[in-house]
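K.L.:
Here you go, this is work-v4.csv (CSV, C-alpha atoms).
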```csv
chain,number,residue,atom,x,y,z
R,100,GLU,CA,128.2,92.5,109.2
R,101,GLU,CA,126.7,95.8,110.2
R,102,GLU,CA,125.8,98.6,107.9
R,103,THR,CA,123.9,101.9,108.0
R,104,ILE,CA,120.7,102.1,106.0
R,105,PHE,CA,118.3,105.0,105.3
R,106,ASN,CA,114.5,105.3,105.1
R,107,PHE,CA,113.3,101.9,106.2
R,108,ASP,CA,109.6,101.2,106.8
R,109,SER,CA,108.5,102.0,110.3
R,110,TYR,CA,104.7,101.4,110.7
R,111,ASP,CA,103.2,103.6,108.1
R,112,GLU,CA,105.8,106.3,108.0
R,113,LYS,CA,109.4,106.4,106.8
R,114,MET,CA,112.0,107.7,109.2
R,115,LYS,CA,113.0,111.2,108.1
R,116,GLY,CA,116.8,111.6,107.9
R,117,GLY,CA,117.3,108.9,110.5
R,118,GLN,CA,119.9,106.2,110.4
R,119,GLU,CA,119.4,102.8,111.9
R,120,ARG,CA,122.2,100.3,112.6
R,121,MET,CA,121.4,96.8,111.6
R,122,LYS,CA,122.8,93.4,110.8
R,123,TYR,CA,122.1,91.9,107.4
R,124,GLU,CA,122.6,88.3,106.2
R,125,GLY,CA,121.6,87.4,102.7
R,126,GLU,CA,122.2,87.9,99.0
R,127,ARG,CA,123.8,90.9,97.3
R,128,ASN,CA,124.3,92.0,93.8
R,129,GLU,CA,127.8,92.6,92.1
R,130,GLU,CA,128.0,96.1,93.7
R,131,GLY,CA,127.4,94.6,97.2
R,132,VAL,CA,123.9,96.0,97.6
R,133,ARG,CA,121.2,93.9,99.2
R,134,GLN,CA,119.4,92.0,96.4
R,135,GLY,CA,117.3,88.9,96.6
R,136,GLN,CA,116.5,87.0,99.9
R,137,GLY,CA,117.8,88.3,103.2
R,138,VAL,CA,117.3,89.0,106.9
R,139,CYS,CA,117.8,92.3,108.7
R,140,ILE,CA,117.9,92.6,112.4
R,141,PHE,CA,117.8,96.3,113.5
R,142,SER,CA,119.5,97.6,116.6
R,143,ASN,CA,116.1,98.4,118.1
R,144,GLY,CA,115.1,94.7,117.9
R,145,ASP,CA,112.9,94.9,114.8
R,146,LYS,CA,113.4,92.2,112.2
R,147,TYR,CA,112.7,92.0,108.4
R,148,GLU,CA,112.9,88.7,106.5
R,149,GLY,CA,112.2,88.6,102.8
R,150,GLU,CA,113.1,90.0,99.4
R,151,PHE,CA,115.2,93.0,98.6
R,152,ASP,CA,115.8,95.0,95.4
R,153,GLU,CA,118.4,97.7,95.2
R,154,GLY,CA,118.8,97.6,99.0
R,155,LYS,CA,115.1,98.1,99.8
R,156,PHE,CA,112.4,95.8,101.0
R,157,HIS,CA,110.8,94.7,97.7
R,158,GLY,CA,108.5,91.8,96.9
R,159,ARG,CA,107.3,89.5,99.7
R,160,GLY,CA,108.6,89.9,103.2
R,161,LYS,CA,107.7,89.9,106.9
R,162,TYR,CA,108.6,92.8,109.2
R,163,THR,CA,108.3,92.1,113.0
R,164,TRP,CA,108.5,94.9,115.5
R,165,LEU,CA,110.0,94.3,118.9
R,166,ASN,CA,106.6,95.2,120.5
R,167,GLY,CA,105.0,92.2,118.8
R,168,CYS,CA,103.3,93.8,115.8
R,169,ASN,CA,104.1,92.4,112.4
R,170,TYR,CA,103.3,92.9,108.7
R,171,GLU,CA,103.6,90.0,106.2
R,172,GLY,CA,103.0,90.7,102.6
R,173,GLU,CA,104.2,92.7,99.6
R,174,TYR,CA,106.6,95.6,99.5
R,175,ASP,CA,107.5,98.1,96.8
R,176,GLY,CA,110.6,100.3,97.2
R,177,GLY,CA,110.7,99.8,101.0
R,178,ILE,CA,107.0,100.5,101.6
R,179,LYS,CA,103.9,98.2,102.2
R,180,HIS,CA,102.3,98.0,98.7
R,181,GLY,CA,100.2,95.2,97.4
R,182,TYR,CA,98.5,92.5,99.4
R,183,GLY,CA,99.4,91.9,103.0
R,184,THR,CA,98.4,91.4,106.6
R,185,PHE,CA,99.2,93.6,109.6
R,186,ARG,CA,98.7,92.3,113.1
R,187,ASP,CA,99.1,94.6,116.1
R,188,ASN,CA,100.1,93.4,119.6
R,189,ASN,CA,96.6,93.9,121.0
R,190,GLY,CA,94.7,91.5,118.7
R,191,GLY,CA,93.8,93.9,115.9
R,192,GLU,CA,94.4,92.6,112.3
R,193,TYR,CA,94.1,94.1,108.8
R,194,GLU,CA,94.2,91.8,105.8
R,195,GLY,CA,94.0,93.3,102.4
R,196,TYR,CA,95.5,95.7,99.9
R,197,TRP,CA,98.0,98.5,100.6
R,198,LYS,CA,99.2,101.4,98.5
R,199,THR,CA,102.2,103.4,99.5
R,200,GLY,CA,102.1,102.2,103.1
R,201,LEU,CA,98.3,102.7,103.7
R,202,LYS,CA,95.3,100.5,103.6
R,203,HIS,CA,93.9,101.0,100.1
R,204,GLY,CA,91.5,98.9,98.0
R,205,ASP,CA,89.6,95.9,99.4
R,206,GLY,CA,90.4,94.7,102.9
R,207,ARG,CA,89.1,93.3,106.2
R,208,TYR,CA,89.9,94.9,109.6
R,209,LEU,CA,89.3,93.1,112.9
R,210,TYR,CA,89.4,95.8,115.5
R,211,VAL,CA,90.8,95.2,119.0
R,212,ASN,CA,87.3,95.5,120.5
R,213,GLY,CA,86.0,92.8,118.2
R,214,ASP,CA,84.2,95.0,115.6
R,215,VAL,CA,84.8,94.0,112.0
R,216,TYR,CA,84.9,96.1,108.8
R,217,GLU,CA,85.1,94.5,105.4
R,218,GLY,CA,85.1,96.6,102.3
R,219,GLN,CA,86.9,99.3,100.5
R,220,TRP,CA,89.6,101.6,101.8
R,221,ASN,CA,91.1,104.8,100.4
R,222,ASN,CA,94.4,106.2,101.8
R,223,GLY,CA,94.0,104.4,105.1
R,224,ILE,CA,90.4,105.1,105.8
R,225,ARG,CA,87.0,103.4,105.1
R,226,HIS,CA,85.8,104.8,101.8
R,227,GLY,CA,83.5,103.2,99.2
R,228,SER,CA,81.3,100.1,99.7
R,229,GLY,CA,81.7,98.2,103.0
R,230,ALA,CA,80.1,96.3,105.9
R,231,TYR,CA,80.7,97.1,109.5
R,232,LEU,CA,79.6,94.7,112.4
R,233,TRP,CA,79.6,96.0,115.9
R,234,ARG,CA,80.5,93.1,118.2
R,235,HIS,CA,78.8,94.4,121.4
R,236,THR,CA,75.5,95.6,119.9
R,237,LYS,CA,75.4,93.0,117.0
R,238,CYS,CA,74.2,95.8,114.7
R,239,LYS,CA,75.5,95.6,111.1
R,240,TYR,CA,75.8,98.4,108.5
R,241,VAL,CA,76.1,97.6,104.8
R,242,GLY,CA,76.5,100.5,102.4
R,243,SER,CA,78.5,103.5,101.3
R,244,TRP,CA,81.3,105.0,103.3
R,245,LYS,CA,83.0,108.4,102.8
R,246,ASN,CA,86.1,109.6,104.7
R,247,GLY,CA,85.6,107.0,107.4
R,248,GLN,CA,81.9,107.6,108.0
R,249,MET,CA,78.6,106.0,106.9
R,250,GLU,CA,77.6,108.3,104.1
R,251,GLY,CA,75.2,107.7,101.2
R,252,GLU,CA,72.9,104.8,100.7
R,253,GLY,CA,73.0,102.0,103.2
R,254,GLU,CA,71.2,99.5,105.3
R,255,LEU,CA,71.5,99.2,109.1
R,256,VAL,CA,70.4,95.8,110.6
R,257,TYR,CA,69.6,95.6,114.3
R,258,PRO,CA,69.8,92.4,116.3
R,259,ASN,CA,66.0,92.4,116.9
R,260,GLY,CA,65.4,92.1,113.1
R,261,THR,CA,64.6,95.7,112.5
R,262,ILE,CA,66.2,97.1,109.3
R,263,TYR,CA,66.7,100.7,108.3
R,264,ARG,CA,67.2,101.4,104.6
R,265,GLY,CA,68.0,104.8,103.3
R,266,TYR,CA,70.5,107.6,103.3
R,267,PHE,CA,73.2,108.3,105.9
R,268,GLY,CA,75.2,111.3,106.7
R,269,LYS,CA,77.9,111.6,109.3
R,270,ASN,CA,77.1,108.1,110.6
R,271,LYS,CA,73.4,108.8,111.1
R,272,PRO,CA,70.2,108.2,109.1
R,273,ILE,CA,69.4,111.4,107.2
R,274,GLY,CA,66.9,112.3,104.6
R,275,ARG,CA,64.5,109.7,103.0
R,276,GLY,CA,64.5,106.2,104.5
R,277,GLU,CA,62.4,103.3,105.7
R,278,TYR,CA,62.4,101.2,108.9
R,279,VAL,CA,61.2,97.7,108.4
R,280,PHE,CA,60.4,96.0,111.7
R,281,ALA,CA,60.7,92.3,112.5
R,282,ASN,CA,56.8,92.0,112.4
R,283,LYS,CA,57.0,93.2,108.7
R,284,PHE,CA,55.4,96.6,109.5
R,285,SER,CA,57.3,99.5,108.1
R,286,GLN,CA,57.6,103.3,108.5
R,287,SER,CA,58.9,105.7,105.9
R,288,GLY,CA,59.9,109.3,106.1
R,289,SER,CA,62.7,111.8,106.4
R,290,PHE,CA,65.1,111.5,109.3
R,291,GLY,CA,67.6,114.0,110.7
R,292,GLU,CA,68.6,117.0,108.6
R,293,ASN,CA,67.3,116.7,105.1
R,294,LYS,CA,70.1,117.6,102.7
R,295,GLY,CA,68.0,117.3,99.5
R,296,GLN,CA,68.2,113.5,99.3
```
Starting from the file, give its structure as structure tokens.

P.N.:
Amino acid sequence: EEETIFNFDSYDEKMKGGQERMKYEGERNEEGVRQGQGVCIFSNGDKYEGEFDEGKFHGRGKYTWLNGCNYEGEYDGGIKHGYGTFRDNNGGEYEGYWKTGLKHGDGRYLYVNGDVYEGQWNNGIRHGSGAYLWRHTKCKYVGSWKNGQMEGEGELVYPNGTIYRGYFGKNKPIGRGEYVFANKFSQSGSFGENKGQ
């Protein structure tokens, strides 16, 4: 059976005013609306398997895009919301919490280039406490993030054992800080533009 539905989840945005033809097999309520377990296969090749409530993805489900990307986790009212894992078709993967379709709360992102961020997210960007490991340089930052950038107190560990502890602004050491070298010598001072920290 084919039916027309509105506003289904497409990556992180809802289609606006669009209609998508699809085939549905699964449970329905007394009014004939999708309710309970079911499978949707969309005319563009995308597929959703999971729970429905009042015709929308709701509860646990898996959405697989024709291009190979998939999301498996919780939905609320047709939108990724709760705990889930998104895998892209290039090897990137995010596992963690979602809010209204965006990464939000604690989560781990393995980037396509091999870098890893594990920590807090706010509306789809790194924000709060978190750790970032650069695969190629083997450097690791642990500390505060604001609007996707290293900002506030943090620690940057270099592969040779040198550690910088201090303040960061716009992804760089700024203000008071201390370098501790592998030989245990240290150097303190102000770095970059001092913004009163």

K.L.:
Can you measure CA of Tyr278 in chain R to CA of Thr261 in chain R for me? One decimal in Å is fine.

P.N.:
6.9 Å

K.L.:
Suppose you want the space between CA of Gln286 in chain R and CA of Leu255 in chain R; what is it in Å?

P.N.:
14.5 Å

K.L.:
Step by step: start from the point (95.1, 100.2, 99.5) in the file's coordinates, keep every protein, DNA or RNA residue that has an atom no farther than 9 Å from it, count all atoms listed in the file, and write the set as a list in words.

P.N.:
His180, Gly181, Tyr182, Gly195, Tyr196, Trp197, Lys198, Thr199, Gly200, Leu201, Lys202, His203, Gly204, Asp205, Gly206, Gln219, Trp220, Asn221, Asn222 and Gly223 of chain R
